[in-house]
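Raw model-v3.tsv, TSV, C-alpha atoms:
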chain	number	residue	atom	x	y	z
A	1291	MET	CA	76.50	137.67	51.39
A	1292	SER	CA	74.45	134.88	49.88
A	1293	TYR	CA	72.92	131.71	51.22
A	1294	ARG	CA	75.22	129.66	48.99
A	1295	LEU	CA	78.41	131.23	50.36
A	1296	MET	CA	77.21	130.92	53.95
A	1297	PHE	CA	76.25	127.27	53.46
A	1298	MET	CA	79.68	126.59	51.96
A	1299	VAL	CA	81.55	128.15	54.88
A	1300	ASN	CA	79.31	126.47	57.45
A	1301	ALA	CA	79.65	123.08	55.73
A	1302	VAL	CA	83.45	123.30	55.77
A	1303	VAL	CA	83.53	124.30	59.46
A	1304	LEU	CA	81.11	121.52	60.42
A	1305	ALA	CA	83.05	118.92	58.45
A	1306	ALA	CA	86.38	120.05	59.92
A	1307	PHE	CA	85.09	119.85	63.50
A	1308	GLY	CA	83.45	116.51	62.68
A	1309	VAL	CA	86.66	115.00	61.34
A	1310	LEU	CA	88.62	116.27	64.35
A	1311	PHE	CA	86.12	114.77	66.79
A	1312	MET	CA	86.07	111.45	64.91
A	1313	VAL	CA	89.80	111.03	64.33
A	1314	MET	CA	91.33	112.71	67.39
A	1315	PRO	CA	88.72	112.89	70.17
A	1316	GLU	CA	91.35	112.80	72.95
A	1317	PHE	CA	93.15	115.80	71.49
A	1318	VAL	CA	89.96	117.85	71.05
A	1319	LEU	CA	88.65	117.03	74.52
A	1320	ALA	CA	92.06	117.89	76.00
A	1321	GLN	CA	91.84	121.33	74.37
A	1322	PHE	CA	88.68	122.00	76.40
A	1323	LYS	CA	90.18	120.40	79.53
A	1324	SER	CA	87.27	117.98	79.64
A	1325	GLU	CA	87.38	114.56	81.32
A	1326	VAL	CA	88.49	111.81	79.00
A	1327	TYR	CA	86.70	108.56	79.76
A	1328	MET	CA	85.93	105.76	77.36
A	1329	ALA	CA	82.28	106.86	77.26
A	1330	THR	CA	83.19	110.46	76.43
A	1331	LEU	CA	85.49	109.25	73.65
A	1332	TYR	CA	82.67	107.26	72.07
A	1333	ALA	CA	80.27	110.18	72.52
A	1334	ALA	CA	82.81	112.54	70.93
A	1335	ARG	CA	83.25	110.19	67.98
A	1336	PHE	CA	79.48	109.90	67.60
A	1337	MET	CA	79.14	113.69	67.71
A	1338	GLY	CA	81.96	113.98	65.16
A	1339	GLY	CA	80.09	111.70	62.82
A	1340	ALA	CA	76.94	113.78	63.24
A	1341	LEU	CA	78.87	117.00	62.56
A	1342	LEU	CA	80.51	115.50	59.47
A	1343	LEU	CA	77.12	114.30	58.20
A	1344	SER	CA	75.63	117.76	58.82
A	1345	GLY	CA	78.46	119.38	56.90
A	1346	LEU	CA	78.04	117.03	53.94
A	1347	LEU	CA	74.27	117.50	53.93
A	1348	LEU	CA	74.66	121.27	53.97
A	1349	TRP	CA	77.18	121.04	51.13
A	1350	PHE	CA	74.70	119.09	49.01
A	1351	LEU	CA	72.00	121.71	49.71
A	1352	LEU	CA	73.95	124.49	47.98
A	1353	ASP	CA	71.95	124.45	44.75
A	1354	ILE	CA	68.38	124.25	45.99
A	1355	PRO	CA	65.78	126.95	45.16
A	1356	ALA	CA	65.82	130.25	47.09
A	1357	LYS	CA	62.68	129.56	49.16
A	1358	LYS	CA	64.12	126.31	50.44
A	1359	GLN	CA	67.48	127.97	51.09
A	1360	LYS	CA	65.69	130.45	53.33
A	1361	LEU	CA	64.14	127.56	55.28
A	1362	ILE	CA	67.54	125.88	55.69
A	1363	ALA	CA	69.06	129.21	56.79
A	1364	THR	CA	66.32	129.51	59.43
A	1365	LEU	CA	67.17	126.04	60.70
A	1366	MET	CA	70.88	126.88	60.76
A	1367	LEU	CA	70.10	130.05	62.72
A	1368	ALA	CA	68.23	127.95	65.28
A	1369	CYS	CA	71.14	125.48	65.44
A	1370	SER	CA	73.64	128.30	65.93
A	1371	ILE	CA	71.60	129.88	68.72
A	1372	GLY	CA	71.15	126.48	70.37
A	1373	GLY	CA	74.87	125.75	70.11
A	1374	PHE	CA	75.70	129.13	71.59
A	1375	VAL	CA	73.37	128.54	74.55
A	1376	MET	CA	74.64	124.98	75.13
A	1377	SER	CA	78.27	126.15	74.97
A	1378	LEU	CA	77.49	128.89	77.45
A	1379	LEU	CA	75.86	126.36	79.77
A	1380	GLY	CA	78.80	124.00	79.31
A	1381	MET	CA	81.19	126.73	80.38
A	1382	THR	CA	79.26	128.18	83.32
A	1383	THR	CA	76.67	125.93	84.90
A	1384	ILE	CA	77.74	122.41	84.00
A	1385	GLY	CA	81.49	123.03	83.91
A	1386	VAL	CA	82.30	120.55	81.14
A	1387	LEU	CA	84.22	123.07	79.01
A	1388	ARG	CA	86.88	124.25	81.43
A	1389	ALA	CA	89.19	125.95	78.95
A	1390	ASN	CA	88.92	127.41	75.46
A	1391	GLY	CA	85.12	127.34	75.54
A	1392	TRP	CA	85.18	130.85	74.16
A	1393	VAL	CA	86.16	129.39	70.77
A	1394	LEU	CA	82.81	127.63	70.51
A	1395	LEU	CA	81.01	130.77	71.66
A	1396	ILE	CA	82.69	132.81	68.94
A	1397	VAL	CA	81.99	130.24	66.21
A	1398	PHE	CA	78.32	129.80	67.14
A	1399	GLY	CA	77.87	133.53	67.76
A	1400	VAL	CA	79.34	134.56	64.41
A	1401	PHE	CA	77.23	132.04	62.52
A	1402	ALA	CA	74.09	133.13	64.41
A	1403	LEU	CA	74.74	136.81	63.65
A	1404	ILE	CA	75.43	136.18	59.97
A	1405	TYR	CA	72.36	133.97	59.51
A	1406	ALA	CA	70.21	136.56	61.32
A	1407	TYR	CA	71.58	139.26	59.03
A	1408	ILE	CA	70.94	137.21	55.90
A	1409	LEU	CA	67.41	136.32	56.96
A	1410	PHE	CA	66.16	139.57	58.46
A	1411	LEU	CA	68.34	142.57	57.51
A	1412	GLN	CA	69.90	141.92	54.12
A	1413	PRO	CA	68.23	143.82	51.26
A	1414	LYS	CA	66.29	141.56	48.95
A	1415	GLN	CA	67.82	140.89	45.58
A	1416	VAL	CA	65.55	141.82	42.71
A	1417	GLU	CA	65.90	139.73	39.61
A	1418	ALA	CA	66.44	141.70	36.46
A	1419	LYS	CA	63.70	141.50	33.85
A	1420	PRO	CA	64.84	139.84	30.67
A	1421	ARG	CA	65.04	142.29	27.81
A	1422	ALA	CA	64.88	141.69	24.13
A	1423	PRO	CA	68.24	142.03	22.44
A	1424	ARG	CA	68.91	145.39	20.86
A	1425	LYS	CA	68.69	145.71	17.14
A	1426	PRO	CA	71.71	147.27	15.50
A	1427	LYS	CA	71.11	150.70	14.02
A	1428	ALA	CA	71.00	150.76	10.29
A	1429	ALA	CA	73.90	152.58	8.72
A	1430	PRO	CA	72.93	155.59	6.57
A	1431	ALA	CA	72.75	154.76	2.92
A	1432	PRO	CA	75.69	156.13	0.98
A	1433	SER	CA	74.61	159.02	-1.24
A	1434	ALA	CA	76.02	159.56	-4.69
A	1435	ASN	CA	76.19	163.35	-4.40
A	1436	ASN	CA	78.46	163.59	-1.35
A	1437	SER	CA	81.59	164.62	-3.25
A	1438	GLN	CA	80.19	167.37	-5.53
A	1439	PRO	CA	81.72	170.85	-5.05
A	1440	GLU	CA	79.47	173.89	-5.13
Written form, structure tokens:
Amino acid sequence: MSYRLMFMVNAVVLAAFGVLFMVMPEFVLAQFKSEVYMATLYAARFMGGALLLSGLLLWFLLDIPAKKQKLIATLMLACSIGGFVMSLLGMTTIGVLRANGWVLLIVFGVFALIYAYILFLQPKQVEAKPRAPRKPKAAPAPSANNSQPE
């Protein structure tokens, strides 16, 4: 698993959730059995815009150098852990997510586990040393005495 692949998957998921929250906030909030007031609709649209922007930003960060990718992966790990904790609080203590909150827990949990694996457990890739191209072997010179019988 590489940083590039993980950023791609995360960017698509963020953008998809962002578009859903921007275009259909009533539908998404109804899936979590959350109250639907005018203020929550505007907050959901605002959050959708932020998620869409995060997805696009992550998509544009696909081709940065490896050291910077590691920094971005650390930030995404922190975001995933924070999202997991906030979803857990939203389900238990605050009671905003009354149904289907487990979906958010799974999404944030999977991303947190994968980013933790990439950052801390994955074996480091060693770049191959460039080698000089091989020279073709010289063919043996044809000898004139090959066909003489003894």
- request: Write out as a ChimeraX atom specification the residues lying within 10 Å of Val1393 in chain A, counting all atoms listed in the file and excluding same-chain residues fewer than 4 positions away.
  value: /A:1322,1377,1389,1397-1399
Exercise: Gly1373 in chain A partners within 10 Å, all atoms listed in the file, chain neighbours under 5 positions left out, as a short mmCIF file (atom, residue, chain, number, x, y, z; two decimals) with C-alpha atoms, in the coordinates of the input:
data_model
loop_
_atom_site.label_atom_id
_atom_site.label_comp_id
_atom_site.auth_asym_id
_atom_site.auth_seq_id
_atom_site.Cartn_x
_atom_site.Cartn_y
_atom_site.Cartn_z
CA LEU A 1367 70.10 130.05 62.72
CA ALA A 1368 68.23 127.95 65.28
CA LEU A 1378 77.49 128.89 77.45
CA LEU A 1379 75.86 126.36 79.77
CA LEU A 1394 82.81 127.63 70.51
CA LEU A 1395 81.01 130.77 71.66
CA VAL A 1397 81.99 130.24 66.21
CA PHE A 1398 78.32 129.80 67.14
CA GLY A 1399 77.87 133.53 67.76
CA ALA A 1402 74.09 133.13 64.41
#
message: For a quick check of understanding, using all atoms listed in the file, which of A:Lys1414, A:Phe1297, A:Asn1390, A:Phe1350 has the smallest distance to Thr1364 in chain A?
response: A:Phe1297
- request: Could you please determine the separation between CA of Tyr1407 in chain A and CA of Met1366 in chain A in Å, to one decimal place?
  value: 12.5 Å
Within 12 Å of Tyr1405 in chain A, counting all atoms listed in the file, which residues show up once you throw out same-chain ones fewer than 6 positions away? Write them as a PDB file with C-alpha atoms, keeping the file's coordinate frame, please.
ATOM      1  CA  MET A1291      76.500 137.670  51.390  1.00  0.00           C
ATOM      2  CA  SER A1292      74.450 134.880  49.880  1.00  0.00           C
ATOM      3  CA  TYR A1293      72.920 131.710  51.220  1.00  0.00           C
ATOM      4  CA  ARG A1294      75.220 129.660  48.990  1.00  0.00           C
ATOM      5  CA  LEU A1295      78.410 131.230  50.360  1.00  0.00           C
ATOM      6  CA  MET A1296      77.210 130.920  53.950  1.00  0.00           C
ATOM      7  CA  PHE A1297      76.250 127.270  53.460  1.00  0.00           C
ATOM      8  CA  VAL A1299      81.550 128.150  54.880  1.00  0.00           C
ATOM      9  CA  ASN A1300      79.310 126.470  57.450  1.00  0.00           C
ATOM     10  CA  GLN A1359      67.480 127.970  51.090  1.00  0.00           C
ATOM     11  CA  LYS A1360      65.690 130.450  53.330  1.00  0.00           C
ATOM     12  CA  LEU A1361      64.140 127.560  55.280  1.00  0.00           C
ATOM     13  CA  ILE A1362      67.540 125.880  55.690  1.00  0.00           C
ATOM     14  CA  ALA A1363      69.060 129.210  56.790  1.00  0.00           C
ATOM     15  CA  THR A1364      66.320 129.510  59.430  1.00  0.00           C
ATOM     16  CA  LEU A1365      67.170 126.040  60.700  1.00  0.00           C
ATOM     17  CA  MET A1366      70.880 126.880  60.760  1.00  0.00           C
ATOM     18  CA  LEU A1367      70.100 130.050  62.720  1.00  0.00           C
ATOM     19  CA  ALA A1368      68.230 127.950  65.280  1.00  0.00           C
ATOM     20  CA  CYS A1369      71.140 125.480  65.440  1.00  0.00           C
ATOM     21  CA  SER A1370      73.640 128.300  65.930  1.00  0.00           C
ATOM     22  CA  ILE A1371      71.600 129.880  68.720  1.00  0.00           C
ATOM     23  CA  PHE A1398      78.320 129.800  67.140  1.00  0.00           C
ATOM     24  CA  GLY A1399      77.870 133.530  67.760  1.00  0.00           C
ATOM     25  CA  LEU A1411      68.340 142.570  57.510  1.00  0.00           C
ATOM     26  CA  GLN A1412      69.900 141.920  54.120  1.00  0.00           C
TER      27      GLN A1412
END
field: Point-to-point distance from CA of Pro1355 in chain A to CA of Ile1404 in chain A, Å rounded to tenths
entry: 19.9 Å
- prompt: Pick the closest to Gly1345 in chain A from A:Gly1308, A:Ala1333, A:Tyr1327, A:Pro1432: which is it, counting all atoms listed in the file?
  reply: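 Using all atoms listed in the file, the shortest distance to Gly1345 in chain A belongs to A:Gly1308.
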- prompt: For Ala1305 in chain A, which of A:Val1386, A:Glu1325, A:Leu1346, A:Leu1331 is the closest residue, counting all atoms listed in the file?
  reply: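 Comparing A:Val1386, A:Glu1325, A:Leu1346, A:Leu1331 against Ala1305 in chain A, the winner is A:Leu1346.
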- prompt: Interatomic distance between CA of Phe1317 in chain A and CA of Trp1349 in chain A?
  reply: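 Those two atoms sit 26.4 Å apart.
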message: Residues within 10 Å of Ala1320 in chain A, please, as a ChimeraX atom specification. Count all atoms listed in the file; anything in the same chain fewer than 4 positions from it doesn't count.
response: /A:1315-1316,1324-1326,1387-1389
- request: Rank A:Ala1422, A:Leu1352, A:Val1318, A:Val1313 by their smallest atom-to-atom distance to Gly1339 in chain A, using all atoms listed in the file, and report the top residue only.
  value: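 Under the stated criterion, the closest residue is A:Val1313.
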message: When you count only C-alpha atoms, which of these residues is closest to Trp1392 in chain A: A:Ile1408, A:Phe1374, A:Ala1429, A:Leu1319?
response: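 Residue with the minimum atom-to-atom distance to Trp1392 in chain A: A:Phe1374.
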Among the residues A:Arg1424, A:Ala1431, A:Met1381, A:Met1298, the one that comes closest to Lys1323 in chain A [using all atoms listed in the file]: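 With all atoms listed in the file as the atom set, the closest residue is A:Met1381.
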Take range 1373-1423 of chain A from the block and save it with N, CA and C atoms, as an mmCIF file, in the first residue's frame.
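Just written: part_12.cif:
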data_model
loop_
_atom_site.group_PDB
_atom_site.id
_atom_site.type_symbol
_atom_site.label_atom_id
_atom_site.label_comp_id
_atom_site.auth_asym_id
_atom_site.auth_seq_id
_atom_site.Cartn_x
_atom_site.Cartn_y
_atom_site.Cartn_z
ATOM 1 N N GLY A 1373 -11.872 12.213 13.888
ATOM 2 C CA GLY A 1373 -13.206 11.903 13.375
ATOM 3 C C GLY A 1373 -13.821 10.708 14.054
ATOM 4 N N PHE A 1374 -12.995 9.696 14.357
ATOM 5 C CA PHE A 1374 -13.492 8.521 15.063
ATOM 6 C C PHE A 1374 -13.981 8.902 16.461
ATOM 7 N N VAL A 1375 -13.188 9.702 17.164
ATOM 8 C CA VAL A 1375 -13.564 10.117 18.524
ATOM 9 C C VAL A 1375 -14.815 10.994 18.499
ATOM 10 N N MET A 1376 -14.895 11.925 17.564
ATOM 11 C CA MET A 1376 -16.069 12.805 17.483
ATOM 12 C C MET A 1376 -17.322 12.016 17.094
ATOM 13 N N SER A 1377 -17.182 11.033 16.216
ATOM 14 C CA SER A 1377 -18.333 10.193 15.864
ATOM 15 C C SER A 1377 -18.788 9.371 17.058
ATOM 16 N N LEU A 1378 -17.835 8.863 17.808
ATOM 17 C CA LEU A 1378 -18.171 8.104 19.005
ATOM 18 C C LEU A 1378 -18.890 8.981 20.031
ATOM 19 N N LEU A 1379 -18.398 10.215 20.201
ATOM 20 C CA LEU A 1379 -19.083 11.150 21.098
ATOM 21 C C LEU A 1379 -20.468 11.515 20.572
ATOM 22 N N GLY A 1380 -20.588 11.692 19.274
ATOM 23 C CA GLY A 1380 -21.877 12.016 18.676
ATOM 24 C C GLY A 1380 -22.896 10.908 18.835
ATOM 25 N N MET A 1381 -22.428 9.683 18.911
ATOM 26 C CA MET A 1381 -23.339 8.551 19.086
ATOM 27 C C MET A 1381 -23.711 8.335 20.550
ATOM 28 N N THR A 1382 -22.758 8.509 21.443
ATOM 29 C CA THR A 1382 -22.995 8.129 22.843
ATOM 30 C C THR A 1382 -23.377 9.307 23.724
ATOM 31 N N THR A 1383 -22.480 10.227 23.894
ATOM 32 C CA THR A 1383 -22.679 11.300 24.867
ATOM 33 C C THR A 1383 -23.654 12.362 24.377
ATOM 34 N N ILE A 1384 -23.410 12.892 23.199
ATOM 35 C CA ILE A 1384 -24.207 14.012 22.699
ATOM 36 C C ILE A 1384 -25.538 13.536 22.133
ATOM 37 N N GLY A 1385 -25.556 12.412 21.467
ATOM 38 C CA GLY A 1385 -26.790 11.847 20.936
ATOM 39 C C GLY A 1385 -27.257 12.470 19.640
ATOM 40 N N VAL A 1386 -26.339 13.058 18.875
ATOM 41 C CA VAL A 1386 -26.732 13.670 17.604
ATOM 42 C C VAL A 1386 -26.938 12.605 16.534
ATOM 43 N N LEU A 1387 -26.049 11.619 16.512
ATOM 44 C CA LEU A 1387 -26.145 10.533 15.529
ATOM 45 C C LEU A 1387 -26.938 9.396 16.161
ATOM 46 N N ARG A 1388 -28.218 9.357 15.879
ATOM 47 C CA ARG A 1388 -29.093 8.381 16.538
ATOM 48 C C ARG A 1388 -29.133 7.043 15.823
ATOM 49 N N ALA A 1389 -28.872 7.045 14.540
ATOM 50 C CA ALA A 1389 -28.893 5.797 13.766
ATOM 51 C C ALA A 1389 -27.763 5.839 12.746
ATOM 52 N N ASN A 1390 -27.276 4.679 12.398
ATOM 53 C CA ASN A 1390 -26.253 4.518 11.364
ATOM 54 C C ASN A 1390 -24.952 5.255 11.672
ATOM 55 N N GLY A 1391 -24.701 5.579 12.911
ATOM 56 C CA GLY A 1391 -23.438 6.207 13.270
ATOM 57 C C GLY A 1391 -22.269 5.261 13.131
ATOM 58 N N TRP A 1392 -22.556 3.977 13.125
ATOM 59 C CA TRP A 1392 -21.507 2.974 12.983
ATOM 60 C C TRP A 1392 -20.814 3.088 11.631
ATOM 61 N N VAL A 1393 -21.508 3.628 10.623
ATOM 62 C CA VAL A 1393 -20.888 3.798 9.304
ATOM 63 C C VAL A 1393 -19.708 4.747 9.409
ATOM 64 N N LEU A 1394 -19.898 5.859 10.107
ATOM 65 C CA LEU A 1394 -18.807 6.810 10.286
ATOM 66 C C LEU A 1394 -17.674 6.209 11.108
ATOM 67 N N LEU A 1395 -18.036 5.422 12.124
ATOM 68 C CA LEU A 1395 -16.995 4.774 12.929
ATOM 69 C C LEU A 1395 -16.155 3.824 12.082
ATOM 70 N N ILE A 1396 -16.806 3.081 11.207
ATOM 71 C CA ILE A 1396 -16.062 2.151 10.352
ATOM 72 C C ILE A 1396 -15.162 2.907 9.377
ATOM 73 N N VAL A 1397 -15.703 3.950 8.749
ATOM 74 C CA VAL A 1397 -14.909 4.710 7.770
ATOM 75 C C VAL A 1397 -13.696 5.342 8.445
ATOM 76 N N PHE A 1398 -13.911 6.057 9.550
ATOM 77 C CA PHE A 1398 -12.790 6.694 10.237
ATOM 78 C C PHE A 1398 -11.833 5.653 10.817
ATOM 79 N N GLY A 1399 -12.359 4.564 11.346
ATOM 80 C CA GLY A 1399 -11.505 3.529 11.920
ATOM 81 C C GLY A 1399 -10.630 2.856 10.886
ATOM 82 N N VAL A 1400 -11.200 2.539 9.727
ATOM 83 C CA VAL A 1400 -10.419 1.893 8.668
ATOM 84 C C VAL A 1400 -9.325 2.823 8.172
ATOM 85 N N PHE A 1401 -9.668 4.091 7.939
ATOM 86 C CA PHE A 1401 -8.644 5.034 7.490
ATOM 87 C C PHE A 1401 -7.557 5.218 8.545
ATOM 88 N N ALA A 1402 -7.918 5.276 9.813
ATOM 89 C CA ALA A 1402 -6.921 5.432 10.881
ATOM 90 C C ALA A 1402 -5.998 4.215 10.929
ATOM 91 N N LEU A 1403 -6.562 3.014 10.824
ATOM 92 C CA LEU A 1403 -5.729 1.810 10.860
ATOM 93 C C LEU A 1403 -4.788 1.731 9.660
ATOM 94 N N ILE A 1404 -5.283 2.084 8.485
ATOM 95 C CA ILE A 1404 -4.432 2.007 7.292
ATOM 96 C C ILE A 1404 -3.332 3.056 7.348
ATOM 97 N N TYR A 1405 -3.661 4.275 7.746
ATOM 98 C CA TYR A 1405 -2.616 5.299 7.855
ATOM 99 C C TYR A 1405 -1.597 4.934 8.927
ATOM 100 N N ALA A 1406 -2.036 4.354 10.042
ATOM 101 C CA ALA A 1406 -1.094 3.923 11.079
ATOM 102 C C ALA A 1406 -0.185 2.814 10.547
ATOM 103 N N TYR A 1407 -0.747 1.898 9.780
ATOM 104 C CA TYR A 1407 0.065 0.838 9.184
ATOM 105 C C TYR A 1407 1.096 1.420 8.225
ATOM 106 N N ILE A 1408 0.657 2.321 7.357
ATOM 107 C CA ILE A 1408 1.574 2.902 6.372
ATOM 108 C C ILE A 1408 2.696 3.664 7.067
ATOM 109 N N LEU A 1409 2.358 4.400 8.108
ATOM 110 C CA LEU A 1409 3.360 5.237 8.765
ATOM 111 C C LEU A 1409 4.306 4.452 9.667
ATOM 112 N N PHE A 1410 3.800 3.471 10.398
ATOM 113 C CA PHE A 1410 4.604 2.861 11.444
ATOM 114 C C PHE A 1410 5.004 1.412 11.197
ATOM 115 N N LEU A 1411 4.237 0.639 10.463
ATOM 116 C CA LEU A 1411 4.502 -0.797 10.347
ATOM 117 C C LEU A 1411 4.961 -1.253 8.975
ATOM 118 N N GLN A 1412 4.648 -0.513 7.933
ATOM 119 C CA GLN A 1412 4.970 -0.954 6.587
ATOM 120 C C GLN A 1412 6.487 -0.944 6.382
ATOM 121 N N PRO A 1413 7.031 -2.016 5.782
ATOM 122 C CA PRO A 1413 8.473 -2.023 5.503
ATOM 123 C C PRO A 1413 8.840 -0.891 4.548
ATOM 124 N N LYS A 1414 9.982 -0.307 4.794
ATOM 125 C CA LYS A 1414 10.441 0.800 3.962
ATOM 126 C C LYS A 1414 10.867 0.283 2.600
ATOM 127 N N GLN A 1415 10.520 1.041 1.584
ATOM 128 C CA GLN A 1415 10.915 0.671 0.233
ATOM 129 C C GLN A 1415 12.313 1.202 -0.027
ATOM 130 N N VAL A 1416 13.174 0.344 -0.507
ATOM 131 C CA VAL A 1416 14.540 0.736 -0.812
ATOM 132 C C VAL A 1416 14.613 0.960 -2.311
ATOM 133 N N GLU A 1417 15.136 2.111 -2.667
ATOM 134 C CA GLU A 1417 15.259 2.407 -4.093
ATOM 135 C C GLU A 1417 16.428 1.623 -4.668
ATOM 136 N N ALA A 1418 16.225 1.083 -5.827
ATOM 137 C CA ALA A 1418 17.275 0.316 -6.487
ATOM 138 C C ALA A 1418 18.358 1.256 -6.994
ATOM 139 N N LYS A 1419 19.609 0.802 -6.867
ATOM 140 C CA LYS A 1419 20.720 1.615 -7.362
ATOM 141 C C LYS A 1419 20.758 1.507 -8.875
ATOM 142 N N PRO A 1420 20.969 2.631 -9.533
ATOM 143 C CA PRO A 1420 21.043 2.556 -10.998
ATOM 144 C C PRO A 1420 22.317 1.809 -11.416
ATOM 145 N N ARG A 1421 22.176 0.941 -12.358
ATOM 146 C CA ARG A 1421 23.315 0.185 -12.854
ATOM 147 C C ARG A 1421 23.614 0.607 -14.277
ATOM 148 N N ALA A 1422 24.867 0.436 -14.617
ATOM 149 C CA ALA A 1422 25.264 0.715 -15.994
ATOM 150 C C ALA A 1422 24.684 -0.383 -16.884
ATOM 151 N N PRO A 1423 24.310 -0.035 -18.094
ATOM 152 C CA PRO A 1423 23.761 -1.070 -18.975
ATOM 153 C C PRO A 1423 24.818 -2.131 -19.293
#
